[in-house]
Amino acid sequence: MSQYRPEGISDVFTEPTEPAGDKPVVQGIGLTGWLRWAWRQLTSMRVALLLLMLLAVAAVPGTVWPQRAQHPERVVTYLTAHPTLGPVLDRLGAFNVYSSVWFSAIYLLLFISLVGCILPRTKMHLAGMRGRPPRAPRRFGRFPAQGDGLSERAPERLAQTATTVLRRGWRVLPFVPTYRVESRDEGNGTWSVSGERGYLRETGNLVFHLALVGLLISVATGQVLHYRGQMIVVQGRGFANSEGSYDTFERGTAFAPTSLVPFTLKLDDFESRFDPETLASRDFTAHVTVTEPGGQPENKTIKVNHPLDAGGAKVYLQGNGYAPDLSIRDASGTLVGGGVTPFLPQDLVYTSKGVVKVPDVADKNKQIGLIGFLLPTKKTVQTPNGPAYVSQFPEPNDPILVLNVWEGNLGLDTGVPQNVYELDEARMTQVKDANGDPVVLTVKPRETVELPDGLGTLTFNGLKRFVALDLRHDPALVYILVFALLAFAGLATSLFAPRRRVWMRFESGRDEQVGRTVVTAAGLARGDDVGLQPEVDRVLAATLAAGDNPDREGTP
């Protein structure tokens with residue numbers, strides 16, 4: 001029996017729309033679809049966390065290998081010591097981690113991810129804040145926090161009172177309402193009030209993410225515009241604020257030498273104070289004279305954690321020590337080397353190690369190298385090898401120099417940078433006495449001793465102090481501090497600000513409650529909130545307190 005089908009109407013449920021045996025064609029998403037998918041993945045929270053972790057991992061090589069911006073001499077030494085691995089690491093950017101392409105790419109992707117995550121959330125948050133609180137549910141019995149009571153006042157007046165109670169601000173910020181409130185007339189003499197709070201939680205979350213973006217921008221700006229110089233300044237000497245005056249100088253990619261303010265600084269005196277019992281340092285004070293461009297010399301001081309402001313930068317006191325003033329003459333009495341040479345402290349009693357190099361001799365294979373220690377306050381101790389000197393106090397009460405003598409080629413003409421505080425012994429020979437023991441020179445201030453093998457004489461003219469100064473200029477430091485504080489405040493707010501909704505309904509009483517108003521209240525929180533029931537009780541009590549001795553009972 002054939003089925004009736006009106007003419008012109010196709011039965012799509014019984015007739016196939018494509019030839020039998022053909023597979024359905026799946027349409028591709030196209031380039032636009034792939035780009036949209038990539039953008040959604042990049043701006044997702046999990047990718048942002050992954051990029052943040054990847055950025056931390058990418059920064060690790062910067063702590064493993066020396067960086068060319070901070071220690072170019074160490075990079076040269078590493079490349080010389082590792083002729084196979086060094087060039088490979090250099091091509092990969094291991095010695096310029098923080099300015100490498102791959103580190104910058106991760107940094108930029110993290111920035112884009114955060115911005116792409118923040119913008120839609122901000123739009124949704126603003127829309128939610130402009131919205132109205134949800135209407136009061138018909139039944140309050142299913143909510144975790146509830147309360148009820150009776151009042152002699154009319155429902156409309158009680159609704160107005162509840163609105164005022166919910167909008168009342170905090171004690172510290174009374175002008176900031178705690179709840180967004182709306183009252184509604186539900187008809188038949190019934191009024192309801194809806195209150196909602198907790199948008200501050202999402203606001204704190206957005207502030208936290210915006211502060212992270214600000215931190216990224218500030219740190220990047222600081223890396224581009226900053227400069228930092230370190231130098232050792234001996235008592236009675238100074239330096240001019242120019243790039244060539246510093247022992248080490250680090251600068252950002254956008255640094256311009258003309259941005260250095262040409263001030264001068266001279267170290268006049270240095271004072272130190274130590275505990276006589278524990279030998280712990282009590283105070284370090286550097287007395288300096290600073291001359292700004294077009295200004296008069298000014299006497300100022302630099303202390304630990306109390307830097308000096310000069311030329312738009314801060315000058316920190318990083319260290320101090322002693323610098324013996326030496327004069328070295330050859331066998332003919334000609335002055336061939338010496339000068340004021342800083343010795344670096346090695347312990348709490350300022351046992352200081354130093355190197356004196358004398359390259360200006362006629363025969364390059366008989367250059368002189370002196371390496372040894374300065375003891376500010378000497379003390380003689382007995383050892384298995386005989387008496388020896390040690391330092392017993394950091395102040396120069398009885399200073400003495402103890403030096404070993406080396407002879408040979410100092411290697412200063414090899415083209416490889418050398419550390420001025422180390423002696424390259426590869427081409428040097430230690431001078432020994434007739435018994436084959438190393439020659440040890442001991443010399444006190446204002447004494448002259450003979451160098452072995454007729455090399456000349458050494459005179460210890462006196463002892464001066466030196467300071468290690470660290471000059472830093474980073475225009476982003478203030479912004480980094482501000483954004484860091486904002487991030488902390490936003491995170492704390494997002495963690496501790498409660499998200500709550502409170503509803504109240506005011507109905508005219510019936511039966512034995514005629515002439516009175518029945519008040520019911522309920523609360524709902526996002527997640528566990530131990531303060532929800534006390535909050536409902538507080539709002540209910542404050543509302544009923546406006547009546548005349550209301551009867552009230554609450555349910556936990």
# chains A, B, ... in the order shown; residues from 1 in each chain; ligands from 1
>>> select_by_dssp(residues="stretch 71-153 of chain A", states="alpha helix (DSSP H)", output="ChimeraX atom specification")
/A:72-81,85-91,101-130
>>> closest_atom_pairs(of="stretch 254-298 of chain A", to="stretch 230-245 of chain A", cutoff="8 Å", atoms="only C-alpha atoms", output="CSV")
residue,atom,partner,partner_atom,distance
A:Pro257,CA,A:Glu243,CA,7.2
A:Leu260,CA,A:Ser242,CA,6.7
A:Val261,CA,A:Asn241,CA,6.7
A:Pro262,CA,A:Asn241,CA,5.1
A:Phe263,CA,A:Asn241,CA,5.6
A:Thr264,CA,A:Ala240,CA,4.4
A:Leu265,CA,A:Gly238,CA,5.3
A:Lys266,CA,A:Gly238,CA,3.8
A:Leu267,CA,A:Gln235,CA,5.2
A:Asp268,CA,A:Gly236,CA,5.4
A:Asp269,CA,A:Gln235,CA,6.0
A:Phe270,CA,A:Gln235,CA,7.4
>>> atom_distance(atom1="atom CA of A:Pro534", atom2="atom CA of A:Ala145")
8.6 Å
>>> residues_around(residues="stretch 498-506 of chain A", least_positions_apart="5", cutoff="7 Å", atoms="only C-alpha atoms", output="ChimeraX atom specification")
/A:136,155,190-198,517-526
>>> write_last_selection(atoms="C-alpha atoms", output="mmCIF file, in the first residue's frame")
data_model
loop_
_atom_site.group_PDB
_atom_site.id
_atom_site.type_symbol
_atom_site.label_atom_id
_atom_site.label_comp_id
_atom_site.auth_asym_id
_atom_site.auth_seq_id
_atom_site.Cartn_x
_atom_site.Cartn_y
_atom_site.Cartn_z
ATOM 1 C CA ALA A 136 14.702 36.866 45.834
ATOM 2 C CA PRO A 155 6.867 45.763 55.036
ATOM 3 C CA THR A 190 4.987 41.880 50.153
ATOM 4 C CA TRP A 191 8.405 43.437 49.651
ATOM 5 C CA SER A 192 11.765 41.801 49.032
ATOM 6 C CA VAL A 193 15.356 43.055 49.182
ATOM 7 C CA SER A 194 18.245 41.512 47.238
ATOM 8 C CA GLY A 195 21.853 42.201 48.216
ATOM 9 C CA GLU A 196 24.985 41.004 46.490
ATOM 10 C CA ARG A 197 28.652 41.493 47.335
ATOM 11 C CA GLY A 198 31.911 39.913 46.241
ATOM 12 C CA THR A 517 5.249 41.740 59.482
ATOM 13 C CA VAL A 518 6.904 38.369 58.991
ATOM 14 C CA VAL A 519 10.565 38.795 58.093
ATOM 15 C CA THR A 520 12.565 35.963 56.496
ATOM 16 C CA ALA A 521 16.182 36.055 55.352
ATOM 17 C CA ALA A 522 18.528 33.705 53.515
ATOM 18 C CA GLY A 523 22.126 33.779 52.334
ATOM 19 C CA LEU A 524 24.217 32.014 49.718
ATOM 20 C CA ALA A 525 27.994 32.055 49.245
ATOM 21 C CA ARG A 526 30.306 30.821 46.542
#
>>> atom_distance(atom1="atom CA of A:Glu271", atom2="atom CA of A:Lys314")
20.5 Å
>>> closest_residue(among="A:Val443, A:Ala362, A:Leu216, A:Ala434", to="A:Leu458", atoms="only C-alpha atoms")
A:Val443
>>> decode(residues="stretch 51-64 of chain A", atoms="all heavy atoms", output="PDB file, in the first residue's frame")
ATOM      1  N   LEU A  51      53.490  29.459  30.376  1.00  0.00           N
ATOM      2  CA  LEU A  51      54.487  30.439  29.934  1.00  0.00           C
ATOM      3  C   LEU A  51      55.226  31.046  31.123  1.00  0.00           C
ATOM      4  O   LEU A  51      56.438  31.310  31.040  1.00  0.00           O
ATOM      5  CB  LEU A  51      53.804  31.542  29.118  1.00  0.00           C
ATOM      6  CG  LEU A  51      53.320  31.143  27.723  1.00  0.00           C
ATOM      7  CD1 LEU A  51      52.491  32.264  27.111  1.00  0.00           C
ATOM      8  CD2 LEU A  51      54.494  30.817  26.811  1.00  0.00           C
ATOM      9  N   LEU A  52      54.515  31.269  32.219  1.00  0.00           N
ATOM     10  CA  LEU A  52      55.163  31.807  33.413  1.00  0.00           C
ATOM     11  C   LEU A  52      56.203  30.824  33.947  1.00  0.00           C
ATOM     12  O   LEU A  52      57.316  31.220  34.321  1.00  0.00           O
ATOM     13  CB  LEU A  52      54.107  32.106  34.472  1.00  0.00           C
ATOM     14  CG  LEU A  52      54.579  32.859  35.724  1.00  0.00           C
ATOM     15  CD1 LEU A  52      55.143  34.221  35.343  1.00  0.00           C
ATOM     16  CD2 LEU A  52      53.443  33.017  36.715  1.00  0.00           C
ATOM     17  N   MET A  53      55.858  29.540  33.976  1.00  0.00           N
ATOM     18  CA  MET A  53      56.814  28.520  34.414  1.00  0.00           C
ATOM     19  C   MET A  53      57.971  28.406  33.413  1.00  0.00           C
ATOM     20  O   MET A  53      59.139  28.274  33.815  1.00  0.00           O
ATOM     21  CB  MET A  53      56.106  27.183  34.564  1.00  0.00           C
ATOM     22  CG  MET A  53      57.009  26.056  35.061  1.00  0.00           C
ATOM     23  SD  MET A  53      56.171  24.478  35.182  1.00  0.00           S
ATOM     24  CE  MET A  53      55.837  24.167  33.445  1.00  0.00           C
ATOM     25  N   LEU A  54      57.662  28.493  32.126  1.00  0.00           N
ATOM     26  CA  LEU A  54      58.698  28.408  31.103  1.00  0.00           C
ATOM     27  C   LEU A  54      59.662  29.583  31.192  1.00  0.00           C
ATOM     28  O   LEU A  54      60.874  29.439  30.975  1.00  0.00           O
ATOM     29  CB  LEU A  54      58.054  28.353  29.717  1.00  0.00           C
ATOM     30  CG  LEU A  54      58.973  28.070  28.526  1.00  0.00           C
ATOM     31  CD1 LEU A  54      59.649  26.722  28.699  1.00  0.00           C
ATOM     32  CD2 LEU A  54      58.186  28.108  27.227  1.00  0.00           C
ATOM     33  N   LEU A  55      59.150  30.768  31.543  1.00  0.00           N
ATOM     34  CA  LEU A  55      60.012  31.938  31.702  1.00  0.00           C
ATOM     35  C   LEU A  55      60.978  31.737  32.867  1.00  0.00           C
ATOM     36  O   LEU A  55      62.155  32.115  32.784  1.00  0.00           O
ATOM     37  CB  LEU A  55      59.149  33.179  31.928  1.00  0.00           C
ATOM     38  CG  LEU A  55      59.891  34.518  31.974  1.00  0.00           C
ATOM     39  CD1 LEU A  55      60.440  34.858  30.592  1.00  0.00           C
ATOM     40  CD2 LEU A  55      58.972  35.630  32.443  1.00  0.00           C
ATOM     41  N   ALA A  56      60.477  31.144  33.957  1.00  0.00           N
ATOM     42  CA  ALA A  56      61.357  30.874  35.094  1.00  0.00           C
ATOM     43  C   ALA A  56      62.441  29.866  34.724  1.00  0.00           C
ATOM     44  O   ALA A  56      63.607  30.017  35.112  1.00  0.00           O
ATOM     45  CB  ALA A  56      60.530  30.368  36.273  1.00  0.00           C
ATOM     46  N   VAL A  57      62.070  28.831  33.967  1.00  0.00           N
ATOM     47  CA  VAL A  57      63.060  27.833  33.541  1.00  0.00           C
ATOM     48  C   VAL A  57      64.064  28.443  32.573  1.00  0.00           C
ATOM     49  O   VAL A  57      65.262  28.153  32.634  1.00  0.00           O
ATOM     50  CB  VAL A  57      62.341  26.623  32.905  1.00  0.00           C
ATOM     51  CG1 VAL A  57      63.350  25.644  32.314  1.00  0.00           C
ATOM     52  CG2 VAL A  57      61.469  25.919  33.932  1.00  0.00           C
ATOM     53  N   ALA A  58      63.592  29.316  31.682  1.00  0.00           N
ATOM     54  CA  ALA A  58      64.484  29.940  30.705  1.00  0.00           C
ATOM     55  C   ALA A  58      65.489  30.873  31.351  1.00  0.00           C
ATOM     56  O   ALA A  58      66.546  31.158  30.765  1.00  0.00           O
ATOM     57  CB  ALA A  58      63.661  30.704  29.659  1.00  0.00           C
ATOM     58  N   ALA A  59      65.179  31.362  32.551  1.00  0.00           N
ATOM     59  CA  ALA A  59      66.112  32.259  33.244  1.00  0.00           C
ATOM     60  C   ALA A  59      67.234  31.500  33.939  1.00  0.00           C
ATOM     61  O   ALA A  59      68.223  32.115  34.349  1.00  0.00           O
ATOM     62  CB  ALA A  59      65.358  33.115  34.263  1.00  0.00           C
ATOM     63  N   VAL A  60      67.092  30.182  34.075  1.00  0.00           N
ATOM     64  CA  VAL A  60      68.110  29.389  34.775  1.00  0.00           C
ATOM     65  C   VAL A  60      69.472  29.462  34.098  1.00  0.00           C
ATOM     66  O   VAL A  60      70.496  29.614  34.779  1.00  0.00           O
ATOM     67  CB  VAL A  60      67.627  27.931  34.930  1.00  0.00           C
ATOM     68  CG1 VAL A  60      68.747  27.046  35.473  1.00  0.00           C
ATOM     69  CG2 VAL A  60      66.414  27.879  35.837  1.00  0.00           C
ATOM     70  N   PRO A  61      69.579  29.336  32.749  1.00  0.00           N
ATOM     71  CA  PRO A  61      70.914  29.429  32.132  1.00  0.00           C
ATOM     72  C   PRO A  61      71.646  30.725  32.454  1.00  0.00           C
ATOM     73  O   PRO A  61      72.883  30.742  32.457  1.00  0.00           O
ATOM     74  CB  PRO A  61      70.611  29.327  30.627  1.00  0.00           C
ATOM     75  CG  PRO A  61      69.327  28.578  30.548  1.00  0.00           C
ATOM     76  CD  PRO A  61      68.546  29.011  31.743  1.00  0.00           C
ATOM     77  N   GLY A  62      70.913  31.788  32.735  1.00  0.00           N
ATOM     78  CA  GLY A  62      71.560  33.043  33.089  1.00  0.00           C
ATOM     79  C   GLY A  62      72.278  32.995  34.418  1.00  0.00           C
ATOM     80  O   GLY A  62      73.134  33.847  34.694  1.00  0.00           O
ATOM     81  N   THR A  63      71.935  32.022  35.266  1.00  0.00           N
ATOM     82  CA  THR A  63      72.632  31.845  36.544  1.00  0.00           C
ATOM     83  C   THR A  63      73.688  30.761  36.472  1.00  0.00           C
ATOM     84  O   THR A  63      74.494  30.636  37.399  1.00  0.00           O
ATOM     85  CB  THR A  63      71.613  31.491  37.647  1.00  0.00           C
ATOM     86  OG1 THR A  63      70.986  30.237  37.332  1.00  0.00           O
ATOM     87  CG2 THR A  63      70.536  32.555  37.749  1.00  0.00           C
ATOM     88  N   VAL A  64      73.681  29.971  35.404  1.00  0.00           N
ATOM     89  CA  VAL A  64      74.651  28.883  35.264  1.00  0.00           C
ATOM     90  C   VAL A  64      75.893  29.363  34.530  1.00  0.00           C
ATOM     91  O   VAL A  64      77.032  29.081  34.957  1.00  0.00           O
ATOM     92  CB  VAL A  64      74.010  27.692  34.524  1.00  0.00           C
ATOM     93  CG1 VAL A  64      75.049  26.603  34.262  1.00  0.00           C
ATOM     94  CG2 VAL A  64      72.843  27.134  35.326  1.00  0.00           C
TER      95      VAL A  64
END
